[in-house]
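Chemist: I am sharing run10.csv, which consists of CSV, C-alpha atoms:
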```csv
chain,number,residue,atom,x,y,z
X,1,MET,CA,-98.4,-32.6,179.3
X,2,ARG,CA,-98.8,-31.3,175.8
X,3,GLU,CA,-95.3,-30.3,174.9
X,4,ALA,CA,-91.7,-30.6,176.3
X,5,ALA,CA,-88.7,-29.3,174.3
X,6,TYR,CA,-85.2,-28.3,175.1
X,7,GLY,CA,-82.3,-26.3,173.6
X,8,VAL,CA,-78.9,-24.9,174.2
X,9,VAL,CA,-78.2,-21.2,174.4
X,10,ALA,CA,-74.9,-19.4,174.5
X,11,LEU,CA,-75.0,-16.1,176.5
X,12,PRO,CA,-71.9,-13.9,175.7
X,13,LEU,CA,-70.3,-12.2,178.7
X,14,ARG,CA,-69.0,-8.6,178.9
X,15,ARG,CA,-65.8,-9.8,180.6
X,16,ARG,CA,-64.5,-13.3,181.0
X,17,LEU,CA,-65.6,-15.3,184.0
X,18,ARG,CA,-62.5,-16.3,185.8
X,19,HIS,CA,-61.8,-18.1,189.1
X,20,THR,CA,-59.9,-21.1,190.3
X,21,THR,CA,-62.1,-23.6,188.4
X,22,ALA,CA,-63.5,-21.5,185.5
X,23,ASP,CA,-62.3,-19.4,182.6
X,24,THR,CA,-64.9,-18.7,179.9
X,25,GLY,CA,-66.2,-15.9,177.8
X,26,GLU,CA,-69.8,-17.2,177.6
X,27,LEU,CA,-72.4,-19.0,179.6
X,28,VAL,CA,-73.7,-22.1,178.0
X,29,GLN,CA,-77.3,-22.6,179.2
X,30,VAL,CA,-79.6,-25.6,178.6
X,31,VAL,CA,-83.3,-24.5,178.5
X,32,LEU,CA,-86.5,-26.4,178.8
X,33,ARG,CA,-90.0,-25.4,177.8
X,34,LEU,CA,-93.1,-27.3,179.0
X,35,VAL,CA,-96.7,-26.8,177.9
X,36,LEU,CA,-99.4,-28.2,180.2
X,37,ALA,CA,-102.6,-29.7,178.9
X,38,ASP,CA,-104.4,-26.5,179.6
X,39,GLY,CA,-101.9,-24.5,177.5
X,40,SER,CA,-99.9,-23.0,180.4
X,41,VAL,CA,-96.3,-22.6,179.5
X,42,GLY,CA,-93.3,-23.0,181.8
X,43,TRP,CA,-89.6,-22.4,181.3
X,44,ALA,CA,-86.3,-23.2,183.0
X,45,GLU,CA,-82.6,-22.8,182.4
X,46,THR,CA,-79.5,-24.4,183.9
X,47,ARG,CA,-75.8,-24.0,183.3
X,48,GLY,CA,-74.1,-26.4,180.9
X,49,ASN,CA,-70.5,-25.3,181.2
X,50,GLY,CA,-70.4,-25.4,185.0
X,51,ALA,CA,-69.3,-29.0,185.5
X,52,TYR,CA,-66.8,-27.7,188.1
X,53,ALA,CA,-69.7,-27.2,190.5
X,54,THR,CA,-72.5,-29.5,189.2
X,55,HIS,CA,-70.3,-32.3,187.8
X,56,HIS,CA,-72.5,-32.3,184.7
X,57,THR,CA,-71.7,-30.9,181.2
X,58,THR,CA,-74.0,-29.5,178.5
X,59,GLU,CA,-73.7,-32.9,176.8
X,60,SER,CA,-74.8,-34.9,179.8
X,61,ILE,CA,-77.7,-32.6,180.6
X,62,VAL,CA,-78.9,-32.8,177.0
X,63,ALA,CA,-78.5,-36.6,177.0
X,64,ALA,CA,-80.7,-36.8,180.1
X,65,LEU,CA,-83.4,-34.7,178.3
X,66,ALA,CA,-83.0,-36.7,175.1
X,67,ALA,CA,-83.5,-39.9,177.0
X,68,LEU,CA,-86.9,-38.8,178.5
X,69,PRO,CA,-90.1,-40.5,177.2
X,70,ALA,CA,-92.3,-38.6,174.8
X,71,VAL,CA,-94.9,-36.4,176.5
X,72,THR,CA,-97.6,-39.0,175.6
X,73,ALA,CA,-96.0,-41.5,178.0
X,74,PRO,CA,-97.6,-42.2,181.5
X,75,ASP,CA,-94.4,-40.9,183.2
X,76,TRP,CA,-95.5,-37.3,182.5
X,77,ARG,CA,-98.7,-37.7,184.5
X,78,ASP,CA,-96.5,-37.0,187.6
X,79,PRO,CA,-93.8,-34.5,186.6
X,80,ALA,CA,-92.5,-34.2,190.1
X,81,ALA,CA,-91.8,-37.9,190.3
X,82,LEU,CA,-90.2,-37.8,186.9
X,83,ALA,CA,-87.9,-35.0,188.0
X,84,ALA,CA,-87.0,-36.8,191.2
X,85,SER,CA,-86.1,-39.9,189.2
X,86,VAL,CA,-83.9,-37.9,186.8
X,87,GLY,CA,-82.3,-36.2,189.8
X,88,ARG,CA,-80.7,-39.4,190.9
X,89,SER,CA,-78.4,-39.3,187.8
X,90,CYS,CA,-78.5,-35.7,186.5
X,91,PRO,CA,-79.5,-33.0,189.0
X,92,PRO,CA,-79.3,-30.1,186.5
X,93,ALA,CA,-81.7,-31.9,184.2
X,94,ALA,CA,-84.0,-32.6,187.1
X,95,MET,CA,-83.9,-28.9,188.0
X,96,LEU,CA,-85.1,-28.0,184.5
X,97,LEU,CA,-88.0,-30.4,184.7
X,98,ASP,CA,-89.0,-29.3,188.2
X,99,VAL,CA,-88.7,-25.6,187.7
X,100,ALA,CA,-90.4,-25.5,184.3
X,101,HIS,CA,-93.3,-27.5,185.6
X,102,ARG,CA,-93.6,-25.3,188.7
X,103,ASP,CA,-93.5,-22.2,186.5
X,104,ALA,CA,-96.3,-23.5,184.3
X,105,ALA,CA,-98.4,-24.7,187.2
X,106,ALA,CA,-98.1,-21.3,189.0
X,107,ARG,CA,-99.0,-19.5,185.8
X,108,ALA,CA,-102.0,-21.7,185.5
X,109,ARG,CA,-103.1,-20.7,189.0
X,110,GLY,CA,-102.2,-17.0,188.4
X,111,VAL,CA,-99.8,-16.7,191.3
X,112,PRO,CA,-96.1,-15.9,191.5
X,113,LEU,CA,-93.9,-19.0,192.0
X,114,ALA,CA,-92.5,-17.5,195.3
X,115,LEU,CA,-96.0,-17.5,196.8
X,116,ALA,CA,-96.6,-21.1,195.7
X,117,LEU,CA,-93.3,-22.1,197.3
X,118,ARG,CA,-94.1,-20.2,200.5
X,119,ALA,CA,-97.4,-22.1,200.8
X,120,GLU,CA,-95.7,-25.4,200.2
X,121,PHE,CA,-92.5,-25.0,202.2
X,122,GLY,CA,-92.8,-21.9,204.3
X,123,GLY,CA,-93.6,-23.6,207.6
X,124,ALA,CA,-94.5,-21.0,210.2
X,125,ALA,CA,-93.8,-18.2,207.7
X,126,ARG,CA,-96.2,-19.4,205.1
X,127,GLU,CA,-98.8,-16.9,206.1
X,128,THR,CA,-96.6,-13.8,205.9
X,129,GLY,CA,-96.4,-13.6,202.2
X,130,VAL,CA,-93.2,-12.9,200.3
X,131,PRO,CA,-90.9,-9.8,200.3
X,132,CYS,CA,-91.0,-7.2,197.6
X,133,SER,CA,-87.3,-7.4,197.0
X,134,LEU,CA,-84.2,-9.3,198.3
X,135,PRO,CA,-80.7,-8.0,198.7
X,136,THR,CA,-78.0,-9.8,196.7
X,137,HIS,CA,-74.3,-10.1,196.4
X,138,ALA,CA,-72.1,-8.3,194.0
X,139,ALA,CA,-69.3,-10.4,192.6
X,140,VAL,CA,-65.6,-9.5,192.2
X,141,PRO,CA,-63.8,-12.0,189.9
X,142,PHE,CA,-60.0,-12.6,189.7
X,143,GLY,CA,-58.1,-9.5,188.6
X,144,SER,CA,-55.8,-6.8,189.9
X,145,PRO,CA,-56.3,-4.8,193.2
X,146,LYS,CA,-57.2,-1.8,191.1
X,147,GLU,CA,-60.0,-3.8,189.4
X,148,ALA,CA,-61.2,-5.1,192.7
X,149,ALA,CA,-61.4,-1.6,194.1
X,150,GLU,CA,-63.2,-0.3,191.1
X,151,LEU,CA,-65.8,-3.1,191.1
X,152,THR,CA,-66.4,-2.8,194.8
X,153,GLU,CA,-66.7,0.9,194.6
X,154,ASP,CA,-69.3,0.7,191.8
X,155,ALA,CA,-71.2,-2.0,193.8
X,156,ALA,CA,-71.2,0.0,197.0
X,157,ALA,CA,-72.3,3.2,195.2
X,158,SER,CA,-75.1,1.2,193.5
X,159,GLY,CA,-76.5,0.1,196.9
X,160,PHE,CA,-75.0,-3.4,197.3
X,161,ARG,CA,-74.3,-4.2,200.9
X,162,ARG,CA,-72.6,-7.6,200.3
X,163,VAL,CA,-69.7,-8.2,198.0
X,164,LYS,CA,-68.1,-11.6,197.4
X,165,ILE,CA,-64.6,-11.7,196.1
X,166,ARG,CA,-62.9,-14.6,194.4
X,167,VAL,CA,-59.7,-15.7,196.0
X,168,GLY,CA,-57.7,-18.9,195.9
X,169,GLY,CA,-54.6,-17.8,193.9
X,170,ASP,CA,-51.5,-16.0,195.0
X,171,LEU,CA,-51.8,-15.0,198.7
X,172,GLY,CA,-50.0,-11.7,198.2
X,173,LEU,CA,-52.3,-10.7,195.3
X,174,ASP,CA,-55.4,-11.9,197.0
X,175,SER,CA,-54.5,-10.0,200.2
X,176,ALA,CA,-54.0,-6.8,198.1
X,177,ARG,CA,-57.3,-7.3,196.3
X,178,ILE,CA,-59.2,-7.8,199.6
X,179,ALA,CA,-57.5,-4.8,201.1
X,180,ALA,CA,-58.4,-2.7,198.1
X,181,ALA,CA,-62.0,-3.8,198.2
X,182,ARG,CA,-62.4,-3.1,201.9
X,183,THR,CA,-60.9,0.4,201.5
X,184,ALA,CA,-63.2,1.2,198.5
X,185,ALA,CA,-66.3,-0.1,200.3
X,186,ASP,CA,-65.6,1.8,203.5
X,187,ARG,CA,-64.9,5.0,201.6
X,188,VAL,CA,-68.1,4.9,199.6
X,189,ALA,CA,-70.6,3.4,202.1
X,190,GLY,CA,-69.0,4.0,205.5
X,191,PRO,CA,-66.8,1.8,207.6
X,192,GLY,CA,-68.2,-1.8,207.9
X,193,THR,CA,-71.4,-1.0,206.0
X,194,VAL,CA,-70.6,-3.4,203.2
X,195,VAL,CA,-70.1,-7.1,204.1
X,196,LEU,CA,-67.2,-8.7,202.3
X,197,ALA,CA,-67.0,-12.5,201.8
X,198,ALA,CA,-64.2,-14.4,200.1
X,199,ASP,CA,-64.7,-17.5,197.9
X,200,ALA,CA,-61.7,-19.7,197.2
X,201,ASN,CA,-63.6,-22.3,195.2
X,202,GLY,CA,-61.4,-25.1,196.8
X,203,GLY,CA,-58.2,-23.4,195.5
X,204,TRP,CA,-56.1,-23.6,198.7
X,205,ASP,CA,-54.6,-26.3,200.8
X,206,PRO,CA,-55.3,-26.1,204.6
X,207,ASP,CA,-51.9,-24.4,205.4
X,208,THR,CA,-52.5,-21.7,202.7
X,209,ALA,CA,-56.0,-21.1,203.9
X,210,LEU,CA,-54.9,-20.7,207.5
X,211,ALA,CA,-52.1,-18.4,206.3
X,212,ALA,CA,-54.8,-16.2,204.7
X,213,ALA,CA,-57.1,-16.3,207.7
X,214,PRO,CA,-55.4,-13.5,209.7
X,215,TRP,CA,-55.5,-10.9,207.0
X,216,LEU,CA,-59.1,-12.0,206.0
X,217,ALA,CA,-60.1,-11.3,209.6
X,218,ARG,CA,-58.1,-8.0,209.6
X,219,TYR,CA,-60.1,-6.8,206.6
X,220,LYS,CA,-63.4,-7.9,208.3
X,221,VAL,CA,-64.3,-10.7,205.9
X,222,ALA,CA,-67.5,-12.2,207.1
X,223,TRP,CA,-66.9,-15.7,205.9
X,224,LEU,CA,-64.5,-17.7,203.8
X,225,GLU,CA,-66.2,-20.0,201.3
X,226,GLN,CA,-64.8,-23.5,200.4
X,227,PRO,CA,-61.2,-22.8,201.2
X,228,THR,CA,-60.0,-26.3,200.5
X,229,ALA,CA,-60.6,-28.9,197.8
X,230,PRO,CA,-64.0,-30.6,197.9
X,231,GLY,CA,-64.1,-34.2,199.1
X,232,GLU,CA,-61.6,-33.5,201.9
X,233,LEU,CA,-63.8,-32.8,204.9
X,234,ALA,CA,-61.0,-33.3,207.4
X,235,ALA,CA,-59.0,-30.5,205.7
X,236,LEU,CA,-62.1,-28.2,205.7
X,237,ALA,CA,-62.7,-29.1,209.4
X,238,ARG,CA,-59.1,-28.2,210.3
X,239,VAL,CA,-59.4,-24.8,208.7
X,240,ARG,CA,-62.7,-24.2,210.4
X,241,SER,CA,-61.3,-25.1,213.8
X,242,GLU,CA,-58.3,-22.8,213.5
X,243,SER,CA,-59.6,-19.9,211.4
X,244,PRO,CA,-60.8,-16.6,213.1
X,245,VAL,CA,-63.1,-16.2,210.0
X,246,PRO,CA,-66.2,-18.4,209.7
X,247,VAL,CA,-65.9,-21.1,207.1
X,248,TRP,CA,-68.7,-22.1,204.7
X,249,ALA,CA,-69.0,-25.1,202.5
X,250,ASP,CA,-70.1,-24.9,198.8
X,251,GLU,CA,-68.6,-27.4,196.5
X,252,ASP,CA,-68.7,-30.0,199.3
X,253,VAL,CA,-72.5,-29.7,199.8
X,254,ARG,CA,-75.2,-30.8,197.4
X,255,ASP,CA,-78.1,-32.2,199.4
X,256,ALA,CA,-79.4,-32.9,202.9
X,257,ALA,CA,-77.1,-35.9,203.3
X,258,ASP,CA,-74.1,-33.7,202.6
X,259,VAL,CA,-75.3,-31.1,205.1
X,260,CYS,CA,-75.4,-33.9,207.8
X,261,ARG,CA,-71.9,-35.1,206.9
X,262,ILE,CA,-70.5,-31.5,207.1
X,263,ALA,CA,-72.3,-30.9,210.4
X,264,ASP,CA,-71.1,-34.2,211.9
X,265,ALA,CA,-67.5,-33.4,210.8
X,266,GLY,CA,-67.6,-29.9,212.3
X,267,ALA,CA,-66.4,-28.8,208.9
X,268,ALA,CA,-68.3,-25.6,208.4
X,269,ASP,CA,-70.2,-22.8,210.0
X,270,GLY,CA,-72.5,-22.4,207.1
X,271,VAL,CA,-73.5,-24.0,203.8
X,272,HIS,CA,-74.0,-22.5,200.3
X,273,LEU,CA,-76.8,-24.4,198.6
X,274,LYS,CA,-77.6,-24.5,194.9
X,275,LEU,CA,-80.7,-25.9,193.1
X,276,GLU,CA,-78.4,-26.9,190.2
X,277,LYS,CA,-76.7,-29.4,192.6
X,278,ALA,CA,-79.7,-30.5,194.7
X,279,GLY,CA,-81.8,-31.2,191.6
X,280,THR,CA,-85.4,-30.6,192.8
X,281,VAL,CA,-86.9,-27.9,194.9
X,282,THR,CA,-88.1,-30.5,197.4
X,283,ALA,CA,-84.5,-31.7,197.8
X,284,LEU,CA,-83.2,-28.2,198.2
X,285,ALA,CA,-85.9,-27.3,200.8
X,286,GLU,CA,-84.9,-30.4,202.7
X,287,ALA,CA,-81.3,-29.4,202.7
X,288,VAL,CA,-82.3,-26.0,204.0
X,289,ARG,CA,-84.4,-27.5,206.7
X,290,VAL,CA,-81.6,-29.9,207.9
X,291,ALA,CA,-79.0,-27.1,207.8
X,292,ARG,CA,-81.2,-24.9,210.0
X,293,ARG,CA,-81.9,-27.8,212.4
X,294,ARG,CA,-78.1,-28.4,212.7
X,295,GLY,CA,-77.4,-24.8,213.5
X,296,LEU,CA,-75.6,-23.9,210.3
X,297,ASP,CA,-75.9,-20.6,208.5
X,298,VAL,CA,-77.6,-21.0,205.0
X,299,ALA,CA,-77.0,-19.1,201.8
X,300,LEU,CA,-78.7,-19.8,198.5
X,301,GLY,CA,-76.4,-19.6,195.5
X,302,GLN,CA,-76.6,-20.0,191.8
X,303,MET,CA,-74.3,-20.6,188.9
X,304,ASP,CA,-73.7,-17.5,186.8
X,305,CYS,CA,-76.7,-17.6,184.4
X,306,GLY,CA,-79.3,-15.5,182.6
X,307,ARG,CA,-82.3,-13.8,183.9
X,308,LEU,CA,-84.5,-16.9,183.6
X,309,GLY,CA,-82.1,-18.7,186.0
X,310,CYS,CA,-81.8,-15.6,188.3
X,311,ALA,CA,-85.6,-15.4,188.5
X,312,THR,CA,-85.7,-19.0,189.7
X,313,THR,CA,-83.2,-18.3,192.5
X,314,VAL,CA,-85.2,-15.1,193.5
X,315,HIS,CA,-88.4,-17.1,193.8
X,316,LEU,CA,-86.7,-19.8,195.7
X,317,ALA,CA,-85.1,-17.4,198.2
X,318,ALA,CA,-88.4,-15.6,198.7
X,319,GLY,CA,-90.4,-18.8,199.0
X,320,LEU,CA,-88.0,-20.6,201.4
X,321,GLY,CA,-87.4,-17.5,203.5
X,322,LEU,CA,-83.7,-17.1,202.8
X,323,THR,CA,-82.1,-13.7,203.2
X,324,VAL,CA,-78.5,-14.4,202.2
X,325,ALA,CA,-78.5,-15.2,198.5
X,326,GLU,CA,-76.8,-14.7,195.2
X,327,LEU,CA,-79.5,-13.6,192.9
X,328,TRP,CA,-77.9,-11.6,190.1
X,329,GLY,CA,-75.7,-14.0,188.2
X,330,CYS,CA,-76.8,-12.3,185.0
X,331,ALA,CA,-74.8,-9.1,185.9
X,332,ASN,CA,-72.1,-9.9,183.4
X,333,VAL,CA,-74.3,-11.2,180.6
X,334,ASP,CA,-74.1,-9.1,177.5
X,335,ARG,CA,-77.1,-10.5,175.6
X,336,ASP,CA,-79.8,-12.5,177.5
X,337,ALA,CA,-82.5,-15.0,176.5
X,338,ALA,CA,-85.1,-13.5,179.0
X,339,ALA,CA,-86.2,-10.1,180.2
X,340,GLY,CA,-88.2,-8.6,183.0
X,341,LEU,CA,-86.1,-9.0,186.2
X,342,GLU,CA,-85.1,-5.8,187.9
X,343,LEU,CA,-82.2,-4.8,190.2
X,344,ARG,CA,-82.7,-1.7,192.4
X,345,GLY,CA,-80.2,-0.5,194.9
X,346,GLY,CA,-78.4,-3.8,195.3
X,347,ALA,CA,-81.6,-5.8,195.6
X,348,VAL,CA,-83.6,-7.8,193.1
X,349,VAL,CA,-87.3,-7.1,192.8
X,350,VAL,CA,-89.4,-10.2,193.4
X,351,PRO,CA,-91.6,-10.5,190.3
X,352,THR,CA,-95.3,-10.4,191.0
X,353,ALA,CA,-96.5,-11.8,187.7
X,354,PRO,CA,-97.6,-15.4,187.6
X,355,GLY,CA,-95.0,-18.1,187.6
X,356,LEU,CA,-91.4,-16.9,187.3
X,357,GLY,CA,-92.7,-13.6,186.1
X,358,VAL,CA,-90.1,-13.1,183.3
X,359,GLU,CA,-90.4,-13.1,179.5
X,360,VAL,CA,-88.4,-15.6,177.6
X,361,LEU,CA,-87.3,-14.3,174.3
X,362,LEU,CA,-86.4,-17.6,172.5
X,363,ASP,CA,-88.3,-19.0,169.6
X,364,PRO,CA,-90.0,-22.3,170.8
X,365,ALA,CA,-90.0,-23.6,167.2
X,366,LEU,CA,-86.2,-23.9,167.4
X,367,LEU,CA,-86.2,-26.3,170.4
X,368,THR,CA,-85.9,-30.1,170.2
X,369,PRO,CA,-88.7,-32.3,171.6
X,370,VAL,CA,-87.6,-34.3,174.6
X,371,GLY,CA,-86.9,-38.0,173.8
X,372,ARG,CA,-85.2,-36.9,170.6
X,373,PRO,CA,-81.4,-36.4,170.5
X,374,LYS,CA,-80.1,-33.0,169.5
X,375,THR,CA,-78.0,-33.1,166.4
X,376,PRO,CA,-74.4,-32.7,167.6
X,377,ALA,CA,-73.6,-30.3,164.8
X,378,SER,CA,-76.6,-28.1,165.5
X,379,PRO,CA,-75.7,-24.5,166.6
X,380,PRO,CA,-77.1,-23.0,169.8
X,381,VAL,CA,-80.6,-21.6,169.7
X,382,PRO,CA,-80.0,-18.0,168.5
X,383,LEU,CA,-80.7,-15.1,170.8
X,384,PRO,CA,-83.2,-12.5,169.7
```
As a first step, turn the structure in this file into structure tokens.

Modeler:
Amino acid sequence: MREAAYGVVALPLRRRLRHTTADTGELVQVVLRLVLADGSVGWAETRGNGAYATHHTTESIVAALAALPAVTAPDWRDPAALAASVGRSCPPAAMLLDVAHRDAAARARGVPLALALRAEFGGAARETGVPCSLPTHAAVPFGSPKEAAELTEDAAASGFRRVKIRVGGDLGLDSARIAAARTAADRVAGPGTVVLAADANGGWDPDTALAAAPWLARYKVAWLEQPTAPGELAALARVRSESPVPVWADEDVRDAADVCRIADAGAADGVHLKLEKAGTVTALAEAVRVARRRGLDVALGQMDCGRLGCATTVHLAAGLGLTVAELWGCANVDRDAAAGLELRGGAVVVPTAPGLGVEVLLDPALLTPVGRPKTPASPPVPLP
């Protein structure tokens, strides 16, 4: 390894991100840049102000990077092992190491990361190549029924065929928002054409979730994500056993061991996996494999992020053969740190350029070498 440096970037949002566990006007992203011995460059980003999902803050991720050895140390001879080691204490930092190294290695080989992942993890599908594009969710945050209808109508008119709506607050308001979204989707795209999902982010107790289940079914919601607080699998299992709507786990699942616990408890019909929580691509791929083996539906998620993070999720979904995925977490970003990822008709185009296939717009000279603490008073790396 020739260089390894990190920084913090603040991406302003067009509208505030609001759900049961978040309320922010910006995405705080930690970025990592690696340069291999041959000069190939790799980048990665992960969410810093998403501790509600990852249990790690910007400060803890930066501390993990600052604690890494200098690039001249023997540890860097095996970046995958280094990432796995970091993943035991800080999965988001491990994600940065793993993705940036995979990006650089794929660029050195001249292949898209998705193709490299398909070759490594694709199993029987490894010979089929990767899709040209992947459908993605549109997101509807907290707000009024009118806002839910407008956002769903815009999504359906733009070609989205899956819309995920944040719920978990007042039942009456949530019901009105789901009803408004269903009416708008059916009016624009035709009855039942748009799949609606609901995500409570652990905001309900079991009784409240089960009170919501009948009207979720009436409005043809395809699944209810994490209705109850994480860490209470018995509560989640109760909702799943009594709900007419399939229940998926998100905050309760991080890795393959969690998938097994959820399956053993009969707590969910599906799991929503995120690299930010799994840490390394190998750990994520194992969680996907175990979920499939245990008969669970699998979706690939992401924290709201910039195009660099979205490109990572796109390549992961294409490489691991996942068709239900959130790939456009940058939809609400006003100014981004990367460019080159395209959305067409509710689907993200899988980049065909080497590596992640996006252009990072940050000045590498403003990053801090790993192994060196970032000055607490230092401002975020400026956007171009």

Chemist: From the list X:Cys310, X:Arg2, X:Val381, X:Ala119, which residue is nearest X:Val71 when using all atoms listed in the file?

Modeler: X:Arg2

Chemist: Please provide the set of residues having any atom within 6 Å of X:Ala5, restricted to only C-alpha atoms, with same-chain residues fewer than 5 positions apart removed, written as a list of chain:residue names.

Modeler: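 The contact residues come out as X:Leu32, X:Arg33, X:Leu367, X:Thr368, X:Pro369, X:Val370.
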
Chemist: When you look at stretch 160-177 of chain X with a cut-off of 7 Å (counting all atoms listed in the file), what residues show up, excluding the ones that are within fewer than 6 positions of it in the same chain? I need them as a VMD selection string.

Modeler: chain X and resid 19 to 20 136 to 142 144 to 145 148 193 to 201 203 to 204 212 215 345 to 346

Chemist: To one decimal in Å, tell me the separation between atom CA of X:Glu150 and atom CA of X:Val348.

Modeler: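 A separation of 21.8 Å between them.
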
Chemist: Within 7 Å of (-66.3, -14.4, 207.5) in the file's own coordinates, which protein, DNA or RNA residues have an atom, counting all atoms listed in the file? List them as a PyMOL selection string.

Modeler: chain X and resi 197+221-224+245-247

Chemist: Identify, on the basis of only C-alpha atoms, every residue whose closest approach to X:Pro92 does not exceed 8 Å; exclude the query and any residue fewer than 3 positions from it along the same chain; express the result as a PDB file with C-alpha atoms, in the coordinates of the input.

Modeler:
```
ATOM      1  CA  THR X  46     -79.500 -24.400 183.900  1.00  0.00           C
ATOM      2  CA  ARG X  47     -75.800 -24.000 183.300  1.00  0.00           C
ATOM      3  CA  THR X  54     -72.500 -29.500 189.200  1.00  0.00           C
ATOM      4  CA  HIS X  56     -72.500 -32.300 184.700  1.00  0.00           C
ATOM      5  CA  ILE X  61     -77.700 -32.600 180.600  1.00  0.00           C
ATOM      6  CA  GLY X  87     -82.300 -36.200 189.800  1.00  0.00           C
ATOM      7  CA  MET X  95     -83.900 -28.900 188.000  1.00  0.00           C
ATOM      8  CA  LEU X  96     -85.100 -28.000 184.500  1.00  0.00           C
ATOM      9  CA  LEU X 275     -80.700 -25.900 193.100  1.00  0.00           C
ATOM     10  CA  GLU X 276     -78.400 -26.900 190.200  1.00  0.00           C
ATOM     11  CA  LYS X 277     -76.700 -29.400 192.600  1.00  0.00           C
ATOM     12  CA  GLY X 279     -81.800 -31.200 191.600  1.00  0.00           C
TER      13      GLY X 279
END
```
